[in-house]
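One structure below.
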Amino acid sequence: MITPLTLVPLTGPWHLRHPRWNVVVVREALEALAPDRVATTALPPDYAADPDWRETDELALPWTVATWAAERGTPLEGVGTPPPIAGAAADFERYLAGFPSARAAIDDAAAALAPLRERLPRPNDLSGLLTEVVPALTEDLQVRLAAFGDGPATAWRGERAASAVERAQALGGERPALLVELDLWPAVVRELDERGVGWTVVASPPPSPAARRRALLDVAWQGEAPDVAGLLGQLREGEEPEARFLEAQLLLAHDHPAEALEALEQASHGDFREPYLLPGLLLARLGQLRDLAGRRDRALQAYRGVLALTWAPAEARAAARAGLEAPFATAEAEAPAPDGA
């Protein structure tokens with residue numbers, strides 16, 4: 001008997017805009033499922049050999065899932081394969097631009113995806129993703145497969161889905177979970193159905209205080225709050241170093257560098273190891289704010305701290321290297337945020 005898989009959708013940086021399906025909700029859904037094997041299409045099998053896997057767009061993985069899996073002793077297994085040629089689908093569409101008859105299928109696929117430009121930025125829950133987002137992605141895939149087969153036009157989604165499913169099945173387990181990138185979801189489901197492998201979708205847990213707090217922090221990461229004073233007040237209700245970092249970001253963006261420095265100095269005296277991207281970003285910003293306050297020696301200390309980390313986001317490393325070369329000036333300030341936020 002083939003063990004059925006429980007699928008968990010990943011929405012990349014859109015998790016920041018989906019308070020009912022943010023990274024904490026994904027983790028809590030897994031906690032309730034209690035799988036004995038956890039795999040994901042978003043990472044290759046050897047991902048752990050390179051610390052830069054944390055640069056993935058699939059924020060839920062490094063933000064919450066990897067830590068949760070490690071704490072319970074369940075390995076997070078990569079079963080994905082990137083497209084053999086980066087940007088192949090976009091290149092293919094550009095090539096077809098000069099052939100109107102062949103271009104028709106691409107236009108049909110684009111029409112299927114058009115509603116997502118309005119739907120994806122809006123808050124989504126699991127049900128909304130499955131009933132409003134997945135059908136458009138499925139239609140896009142069907143149009144491309146019918147016209148061109150699996151290849152450059154689909155970024156080899158069929159081939160990559162088949163490989164991921166095969167690897168996930170090989171992991172075994174009595175309650176396996178497979179976290180699937182949303183754009184690969186239709187191809188994975190198609191492959192499972194063709195193989196006769198049973199599958200179901202993870203249940204969405206009820207709202208929790210932790211998920212609601214995560215939703216607030218996600219709003220701050222985006223930096224688009226209409227009521228900045230209200231958001232600052234809510235951030236200050238918690239003691240997380242992440243909240244202090246985001247408070248400092250907002251304060252600096254609204255020309256309060258001294259108050260921003262105070263918030264970051266407070267955060268730097270605590271444990272700011274989590275989330276995964278915080279140590280690098282916090283130290284880089286701390287160095288910049290110390291520069292603005294005329295504390296060059298202390299700024300250099302913070303910049304060197306970034307480069308001494310085992311891993312830090314690329315933007316934090318770049319800011320640290322620039323800060324070592326010359327003092328930071330406010331005209332350079334740009335709030336770093338997860339990709340796509």
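Starting from 1 in every chain, residues are counted up; chains themselves are A, B, ... following the order of the structure tokens, and ligands are numbered from 1 as listed.
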
Could you build a table of the residues in stretch 129-241 of chain A lying no more than 8 Å from stretch 5-15 of chain A, giving for each the nearest pair of atoms and their separation in Å rounded to one decimal place, using only C-alpha atoms, ordered by chain and ascending residue number, as a Markdown table?
| residue | atom | partner | partner_atom | distance |
| --- | --- | --- | --- | --- |
| A:Arg175 | CA | A:Leu5 | CA | 7.3 |
| A:Pro176 | CA | A:Leu5 | CA | 5.6 |
| A:Ala177 | CA | A:Thr6 | CA | 4.8 |
| A:Leu178 | CA | A:Leu7 | CA | 4.9 |
| A:Leu179 | CA | A:Val8 | CA | 4.5 |
| A:Val180 | CA | A:Pro9 | CA | 5.1 |
| A:Glu181 | CA | A:Leu10 | CA | 4.8 |
| A:Leu182 | CA | A:Leu10 | CA | 5.6 |
| A:Trp185 | CA | A:Pro9 | CA | 7.4 |
| A:Val197 | CA | A:Leu5 | CA | 7.7 |
| A:Gly198 | CA | A:Leu5 | CA | 6.5 |
| A:Trp199 | CA | A:Leu5 | CA | 4.7 |
| A:Thr200 | CA | A:Thr6 | CA | 5.0 |
| A:Val201 | CA | A:Leu7 | CA | 4.8 |
| A:Val202 | CA | A:Val8 | CA | 5.7 |

*Pick out the residues sitting within 8 Å of stretch 205-210 of chain A, and hand them over as a list in words; count only C-alpha atoms, and ignore anything fewer than 6 positions along from it in its own chain.*
Arg20, Val24, Val25, Glu28, Ala29 and Ala32 of chain A

Save the residues we just selected, C-alpha atoms, as an mmCIF file, in the first residue's frame?
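Okay, selection.cif is ready:
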data_model
loop_
_atom_site.group_PDB
_atom_site.id
_atom_site.type_symbol
_atom_site.label_atom_id
_atom_site.label_comp_id
_atom_site.auth_asym_id
_atom_site.auth_seq_id
_atom_site.Cartn_x
_atom_site.Cartn_y
_atom_site.Cartn_z
ATOM 1 C CA ARG A 20 -4.189 33.517 8.288
ATOM 2 C CA VAL A 24 3.630 30.610 12.314
ATOM 3 C CA VAL A 25 0.322 29.216 11.015
ATOM 4 C CA GLU A 28 1.241 25.236 13.871
ATOM 5 C CA ALA A 29 -0.440 23.268 11.083
ATOM 6 C CA ALA A 32 -1.100 19.575 14.783
#

Write out as JSON lines the residues of stretch 240-282 of chain A that have any atom within 12 Å of an atom of stretch 230-234 of chain A, one row each with the nearest atom pair and its distance in Å to one decimal, counting only C-alpha atoms, sorted by chain and then rising number.
{"residue": "A:Glu240", "atom": "CA", "partner": "A:Gln234", "partner_atom": "CA", "distance": 11.9}
{"residue": "A:Ala243", "atom": "CA", "partner": "A:Leu232", "partner_atom": "CA", "distance": 9.1}
{"residue": "A:Arg244", "atom": "CA", "partner": "A:Leu232", "partner_atom": "CA", "distance": 9.6}
{"residue": "A:Phe245", "atom": "CA", "partner": "A:Leu232", "partner_atom": "CA", "distance": 11.2}
{"residue": "A:Leu246", "atom": "CA", "partner": "A:Leu232", "partner_atom": "CA", "distance": 8.7}
{"residue": "A:Glu247", "atom": "CA", "partner": "A:Leu232", "partner_atom": "CA", "distance": 6.1}
{"residue": "A:Ala248", "atom": "CA", "partner": "A:Leu232", "partner_atom": "CA", "distance": 9.4}
{"residue": "A:Gln249", "atom": "CA", "partner": "A:Leu232", "partner_atom": "CA", "distance": 10.3}
{"residue": "A:Leu250", "atom": "CA", "partner": "A:Leu232", "partner_atom": "CA", "distance": 7.7}
{"residue": "A:Leu251", "atom": "CA", "partner": "A:Leu232", "partner_atom": "CA", "distance": 8.5}
{"residue": "A:His254", "atom": "CA", "partner": "A:Leu232", "partner_atom": "CA", "distance": 11.6}
{"residue": "A:Glu259", "atom": "CA", "partner": "A:Leu232", "partner_atom": "CA", "distance": 11.8}
{"residue": "A:Ala260", "atom": "CA", "partner": "A:Leu232", "partner_atom": "CA", "distance": 11.4}
{"residue": "A:Ala263", "atom": "CA", "partner": "A:Leu232", "partner_atom": "CA", "distance": 11.4}

*asked:* At a cut-off of 8 Å, using only C-alpha atoms, what residues contact stretch 297-302 of chain A? Leave out same-chain residues fewer than 4 positions from it and give the result as a PyMOL selection string.
replied: chain A and resi 283-284+286-291+306+323-324

Atoms kept (C-alpha atoms) for selection, written as a tab-separated table (two decimals), in the first residue's frame:
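What landed in part.tsv:
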chain	number	residue	atom	x	y	z
A	283	LEU	CA	23.95	44.35	13.69
A	284	ALA	CA	24.21	46.05	10.30
A	286	LEU	CA	23.06	49.04	14.68
A	287	GLY	CA	26.36	49.95	13.05
A	288	GLN	CA	24.64	52.46	10.80
A	289	LEU	CA	22.78	54.09	13.66
A	290	ARG	CA	25.95	54.30	15.73
A	291	ASP	CA	27.61	56.02	12.77
A	306	VAL	CA	27.96	40.95	10.89
A	323	GLY	CA	30.14	50.63	6.69
A	324	LEU	CA	33.70	49.45	7.25

*Near A:Glu191, counting only C-alpha atoms, which residues have an atom at most 10 Å away, once you skip same-chain residues fewer than 5 positions from it, shown as a PyMOL selection string?*
chain A and resi 158-166+185-186+196-197

Write the residues of the preceding selection, restricted to N, CA and C atoms, as a short mmCIF file (atom, residue, chain, number, x, y, z; two decimals), in the first residue's frame.
data_model
loop_
_atom_site.label_atom_id
_atom_site.label_comp_id
_atom_site.auth_asym_id
_atom_site.auth_seq_id
_atom_site.Cartn_x
_atom_site.Cartn_y
_atom_site.Cartn_z
N GLY A 158 6.55 19.66 -14.76
CA GLY A 158 6.16 18.25 -14.69
C GLY A 158 7.31 17.36 -14.29
N GLU A 159 8.45 17.55 -14.93
CA GLU A 159 9.64 16.75 -14.62
C GLU A 159 10.08 16.96 -13.18
N ARG A 160 10.07 18.21 -12.74
CA ARG A 160 10.50 18.51 -11.38
C ARG A 160 9.52 17.97 -10.35
N ALA A 161 8.23 18.01 -10.65
CA ALA A 161 7.23 17.47 -9.75
C ALA A 161 7.37 15.96 -9.63
N ALA A 162 7.62 15.29 -10.77
CA ALA A 162 7.78 13.84 -10.74
C ALA A 162 8.98 13.44 -9.89
N SER A 163 10.08 14.17 -10.03
CA SER A 163 11.26 13.89 -9.22
C SER A 163 11.00 14.11 -7.74
N ALA A 164 10.30 15.21 -7.42
CA ALA A 164 10.01 15.52 -6.01
C ALA A 164 9.12 14.45 -5.38
N VAL A 165 8.09 14.03 -6.11
CA VAL A 165 7.18 13.01 -5.58
C VAL A 165 7.92 11.70 -5.37
N GLU A 166 8.75 11.32 -6.32
CA GLU A 166 9.52 10.07 -6.19
C GLU A 166 10.43 10.12 -4.97
N TRP A 185 2.50 23.48 -7.14
CA TRP A 185 1.39 22.69 -6.57
C TRP A 185 0.60 21.94 -7.64
N PRO A 186 0.11 22.59 -8.71
CA PRO A 186 -0.68 21.85 -9.69
C PRO A 186 0.08 20.69 -10.32
N GLY A 196 -1.41 7.41 -8.72
CA GLY A 196 -2.35 6.76 -7.82
C GLY A 196 -1.96 6.89 -6.36
N VAL A 197 -1.23 7.95 -6.04
CA VAL A 197 -0.83 8.20 -4.65
C VAL A 197 -1.88 9.08 -3.98
#

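Residues with any atom within 10 Å of A:Ala110, counting only C-alpha atoms and excluding same-chain neighbours fewer than 5 positions away, are Ala104, Ala105, Pro115, Ala136, Glu139, Asp140 and Val143 of chain A.
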
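Take atom CA of A:Ala66 and atom CA of A:Gly280: the distance between them is 18.5 Å.
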
*Picked from stretch 39-238 of chain A by DSSP as helix (DSSP H, G or I), as JSON, numbers by chain*: {"A": [47, 48, 49, 51, 52, 53, 54, 55, 60, 61, 62, 63, 64, 65, 66, 67, 68, 69, 70, 71, 72, 88, 89, 90, 91, 92, 93, 94, 95, 96, 100, 101, 102, 103, 104, 105, 106, 107, 108, 109, 110, 111, 112, 113, 116, 117, 118, 119, 126, 127, 128, 129, 130, 131, 132, 133, 134, 135, 136, 137, 138, 139, 140, 141, 142, 143, 144, 145, 146, 147, 148, 152, 153, 154, 157, 158, 159, 160, 161, 162, 163, 164, 165, 166, 167, 168, 169, 170, 182, 183, 184, 185, 186, 187, 188, 189, 190, 191, 192, 193, 194, 195, 209, 210, 211, 212, 213, 214, 215, 216, 217, 218, 219, 220, 221, 222, 228, 229, 230, 231, 232, 233, 234, 235]}

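Atom pair atom CA of A:Arg94 / atom CA of A:Leu141: separated by 18.0 Å.
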
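Around A:Leu16, within 10 Å and counting only C-alpha atoms, the residues found are Thr11, Gly12, Pro13, Pro19, Trp21, Asn22, Val23, Leu59, Ala60, Pro121, Pro123, Arg214, Ala215, Leu216, Leu217, Asp218, Val219, Ala220, Trp221, Gln222, Pro338, Gly340 and Ala341 of chain A, once anything fewer than 3 positions away on its own chain is removed.
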
*Separation of atom CA of A:Pro82 and atom CA of A:Asn124, in Å?*
26.4 Å

*Which polymer residues have any atom within 7 Å of an atom of A:Leu281, counting only C-alpha atoms, with same-chain residues fewer than 4 positions away left out, as a ChimeraX atom specification?*
/A:277,285,316

_Using only C-alpha atoms for the distances, tell me which of A:Leu264, A:Ser204, A:Ala314, A:Ala147 is nearest to A:Leu130._
A:Ser204

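For stretch 74-246 of chain A, backbone-based DSSP labels the following residues as strand (DSSP E): Leu76, Glu77, Gly78, Pro176, Ala177, Leu178, Leu179, Val180, Glu181, Trp199, Thr200 and Val201 of chain A.
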
Would you output that residue set with C-alpha atoms, as a short mmCIF file (atom, residue, chain, number, x, y, z; two decimals), in the first residue's frame?
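The resulting file, result_19.cif, is shown below:
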data_model
loop_
_atom_site.label_atom_id
_atom_site.label_comp_id
_atom_site.auth_asym_id
_atom_site.auth_seq_id
_atom_site.Cartn_x
_atom_site.Cartn_y
_atom_site.Cartn_z
CA LEU A 76 13.59 18.66 6.98
CA GLU A 77 14.33 16.82 3.75
CA GLY A 78 14.84 18.62 0.45
CA PRO A 176 4.72 12.06 5.72
CA ALA A 177 4.19 15.75 4.99
CA LEU A 178 5.28 17.49 1.80
CA LEU A 179 5.62 21.28 1.75
CA VAL A 180 5.04 22.43 -1.82
CA GLU A 181 5.79 25.76 -3.49
CA TRP A 199 -3.01 12.95 -0.86
CA THR A 200 -4.79 15.41 1.34
CA VAL A 201 -4.23 19.01 2.39
#
